[in-house]
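First comes the structure, then the notes that go with it.
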Amino acid sequence: MEDNILDQSTPMRVLVTGGTGLVGRAIQHVVREERGIREGEEWIFLSSTDANLMDAGETREVFQKHQPTHVIHLAAMVGGLFKNMRANLDFWRNNIYINDNVLQAAHEVDAVQVVSCLSTCIFPDKTTYPIDETMIHNGPPHKSNFGYSYAKRMLNVYNSAYHDQERGRFYTAVIPTNVFGPHDNFNIKDGHVLPGLIHKAYIAQKEGSPLVVWGSGTPRRQFIYSLDLARLFLWVLTEYKEVEPIILSVGEEEEVSIKEAAEAVVEVMRFKGQVTYDTAKADGQFKKTASNAKLRQYCPNFTFTPFKQGTFIHSTGNLRKTFWENSGECGLVFTVGLVLPSIALKETCDWFVANYDSARK
Amino acid sequence: MKLCVCVCVCVCVCVSVCACACACVCVRCCVRALLRACVAACVRCCVRALLRALVCILRDAGETREVFQKHQPTHVIHLAAMVGGLFKNMRANLDFWRNNIYINDNVLQAAHEVDAVRVVSCLSTCIFPDKTTYPIDETMIHNGPPHKSNFGYSYAKRMLDVYNRAYHDQERGRFYTAVIPTNVFGPHDNFNIKDGHVLPGLIHKAYIAQKEGSPLVVWGSGTPRRQFIYSLDLARLFLWVLTEYQEVEPIILSVGEEEEVSIKEAAEAVVEVMRFKGQVTYDTTKADGQFKKTASNAKLRQYCPSFTFTPFKQALKETCDWFVANYDSARK
């Protein structure tokens with residue numbers, strides 16, 4: 001493909017690494033149930049059983065097999081605060097290997113677009129707020145997850161380097177805030193805060209024991225529903241033309257404390273027992289407030305669901321259909337997880353309860 | 001017994017590149033003479049091939065592991081890297097990033113697997129943030145993006161500090177560390193004009209210009225400023241770090257800020273030492289690179305208040321004399 005542009009008549013062949021994880025499943029849902037797969041298009045969702053992406057040979061083989069024109073790179077070694085604190089070296093090395101293998105394999109098959117996934121947890125610990133896309137490298141990350149953080153930051157270095165050296169490749173990255181949704185990892189020890197709370201509430205309800213929230217409950221987070229993130233990923237894949245990354249998040253005003261998140265889980269799960277806070281456990285970073293101003297510039301028409309009130313206009317299939325018909329206008333609606341009653345959080349909790357036996361935990 | 005231990009330590013110190021640096025500071029006279037003789041011969045005959053072979057080996061995890069398993073080092077001085085001057089970096093940031101990350105990962109992991117108690121890696125002041133206050137010090141490495149001309153190399157080197165912290169964090173408190181030299185020069189450098197660093201490039205150009213009766217053309221405006229450290233001084237400090245410096249945090253190894261010179265002053269010093277009589281011109285269409293990278297050596301001075309650096313012109317003369325005497329075999 002000359003000049004890194006896909007001929008308009010050539011259908012996309014999209015490879016999604018980490019295709020069966022939290023965000024991968026959400027993209028599967030959005031592609032199949034909302035957007036639809038267009039004629040000639042092919043969507044391949046890889047799991048760890050398809051290839052060990054830490055191995056260069058296996059990665060190259062799976063890319064050679066599928067010859068993707070586009071790649072959504074989600075695969076990573078991930079985990080919550082406590083898992084990161086135990087294994088910073090492994091998080092650093094494994095993720096560097098995965099990222100190097102995927103990007104190089106994509107380049108070798110001449111993929112015109114790779115969209116990788118960063119996270120707001122990788123930003124400098126000592127910083128002004130809100131953080132924005134220009135600040136990624138402006139200081140060391142929080143010490144609890146520096147291995148993961150640096151590995152993710154280096155995706156931005158890869159993108160700049162491929163653009164710099166290899167005929168102007170436009171590989172890029174998105175930066176979501178805390179993602180949640182069905183198909184998450186609900187492991188209490190290793191997972192993230194919201195699925196951890198959901199799982200703990202489920203067990204506490206069953207056993208008639210207190211729900212113990214780790215930490216003080218004071219740290220603050222912006223949560224983005226996996227299905228909203230998936231819709232945004234697809235917009236970035238075809239419409240976003242910068243090497244510089246873009247934050248995908250609800251607004252700063254939607255930031256909530258862990259205590260508020262726990263209370264929302266309690267309400268949605270209808271947990272009736274006691275809620276306590278184990279302040280001996282680490283809190284992690286106090287806040288990571290991110291600006292979504294760049295996203296708003298590109299997509300001025302999207303509508304956020306009000307945080308704690310209002311109806312859920314996105315709950316109808318009609319609105320979602322409208323989005324895909326007007327996808328060039330980026331008419332997105334965000335589902336903020338903690339609106340009461342919280343559709344995103346409720347859908348997640350309902351999914352977990354219905355799929356308890358098979359859920360990752 | 002002590003002599004055997006020293007020799008064993010020297011043998012077991014798996015030096016990725018340039019054995020002569022270690023040889024010069026060996027503590028016993030007979031060992032020093034023996035090593036110097038051996039190393040001089042090795043270097044003259046083999047260094048180019050050795051370097052290429054070692055970098056190729058270290059780029060491969062299996063081969064790296066094999067050489068470490070073979071030698072079972074207790075200590076490692078990790079110098080191997082894909083390196084180059086300004087113009088080479090600007091052409092190949094991706095290669096500099098990827099190759100150096102692979103080398104560093106392979107060496108550190110192989111060292112860890114053979115339970116080496118010490119690895120001293122080599123960073124550079126060129127990796128510091130481009131937008132910064134001066135002088136730069138060891139705490140500032142990650143405080144902003146590096147200069148765009150060599151961001152691939154810079155990030156790969158910065159990540160050595162991340163490796164050291166991660167090994168310390170996860171692996172039973174490993175004390176792997178790194179040094180941060182300023183611009184190094186000396187015998188056995190890469191004198192390639194296109195790909196090498198500024199001082200060896202100037203020496204080589206002056207040599208050719210002298211032979212051909214042509215002007216010495218200095219690339220850039222001559223205004224950027226640098227601190228230069230002689231390779232033998234750096235070697236002496238490396239050996240001190242290897243056994244005495246007990247921090248995971250890196251340490252800058254450099255002459256003081258007051259020793260910083262402009263590229264113009266460096267060129268004039270080369271002209272004087274090489275006794276170049278021709279015209280000196282400045283090609284301002286060529287990139288200057290980073291204007292300054294002034295580094296503080298306060299931490300070094302705290303640890304080693306009495307260390308004496310070789311005077312710049314004396315070190316430059318030794319380097320130029322070596323280059324002229326070894327022109328045919330020198331890397332260029």
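By convention in this document, the chains of the structure tokens carry letters A, B, ... by their order, each chain's residues are numbered from 1, and ligands are numbered from 1 in the order they are shown.
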
Write out as a ChimeraX atom specification all residues of range 32-265 of chain B that DSSP puts in strand (DSSP E) for this structure's backbone. /B:75-78,118-122,177-181,183-185,216-219,225-226,228-230,251-253,261-262

If the cut-off is 9 Å, can you tell me the residues of chain A near chain B, counting only C-alpha atoms? I'd like them as a PyMOL selection string. chain A and resi 85-90+92-93+96+100+124+135-140+146-147+150+154+157-158+160-166

Check which residues of range 179-228 of chain B sit at most 10 Å from range 238-252 of chain B using only C-alpha atoms, and return one row each with the closest pair of atoms and their distance in Å to one decimal, ordered by chain and rising number, as JSON lines.
```
{"residue": "B:Val179", "atom": "CA", "partner": "B:Ile251", "partner_atom": "CA", "distance": 4.9}
{"residue": "B:Ile180", "atom": "CA", "partner": "B:Ile252", "partner_atom": "CA", "distance": 4.4}
{"residue": "B:Pro181", "atom": "CA", "partner": "B:Ile252", "partner_atom": "CA", "distance": 5.8}
{"residue": "B:Thr182", "atom": "CA", "partner": "B:Ile252", "partner_atom": "CA", "distance": 7.8}
```

In Å to one decimal, how far is CA of Arg296 in chain A from CA of Asp132 in chain A? 12.6 Å

Near Phe233 in chain A, within 9 Å and counting only C-alpha atoms, which residues show up once chain neighbours fewer than 4 positions away are dropped, as a PyMOL selection string? chain A and resi 27+72+115+174+228-229+237-238+248

Leaving out Leu86 in chain B and any residue of its chain fewer than 6 positions from it, which residues lie within 8 Å of it when counting only C-alpha atoms, given as a list of chain:residue names? B:Ser149, B:Asn150, B:Asp195, B:His197, B:Gly289

Check the smallest atom-to-atom distance from each of B:Phe312, B:Phe307, B:Tyr230, B:Tyr207 to Val271 in chain B using only C-alpha atoms, then report the winner. B:Tyr207

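Residues in contact with Val78 in chain A at up to 9 Å, not including ones fewer than 4 positions away on its chain and judged by only C-alpha atoms, are Lys83, Asn84, Phe91, Asn95, Tyr148, Asp190 and Gly191 of chain A.
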
Can you tell me how far CA of Asn297 in chain B sits from CA of Thr125 in chain B, in Å to one decimal? 11.4 Å

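Shortest separation to Ala56 in chain A among A:Pro130, A:Lys272, A:Val102, A:His29 occurs at residue A:Val102, atoms counted being only C-alpha atoms.
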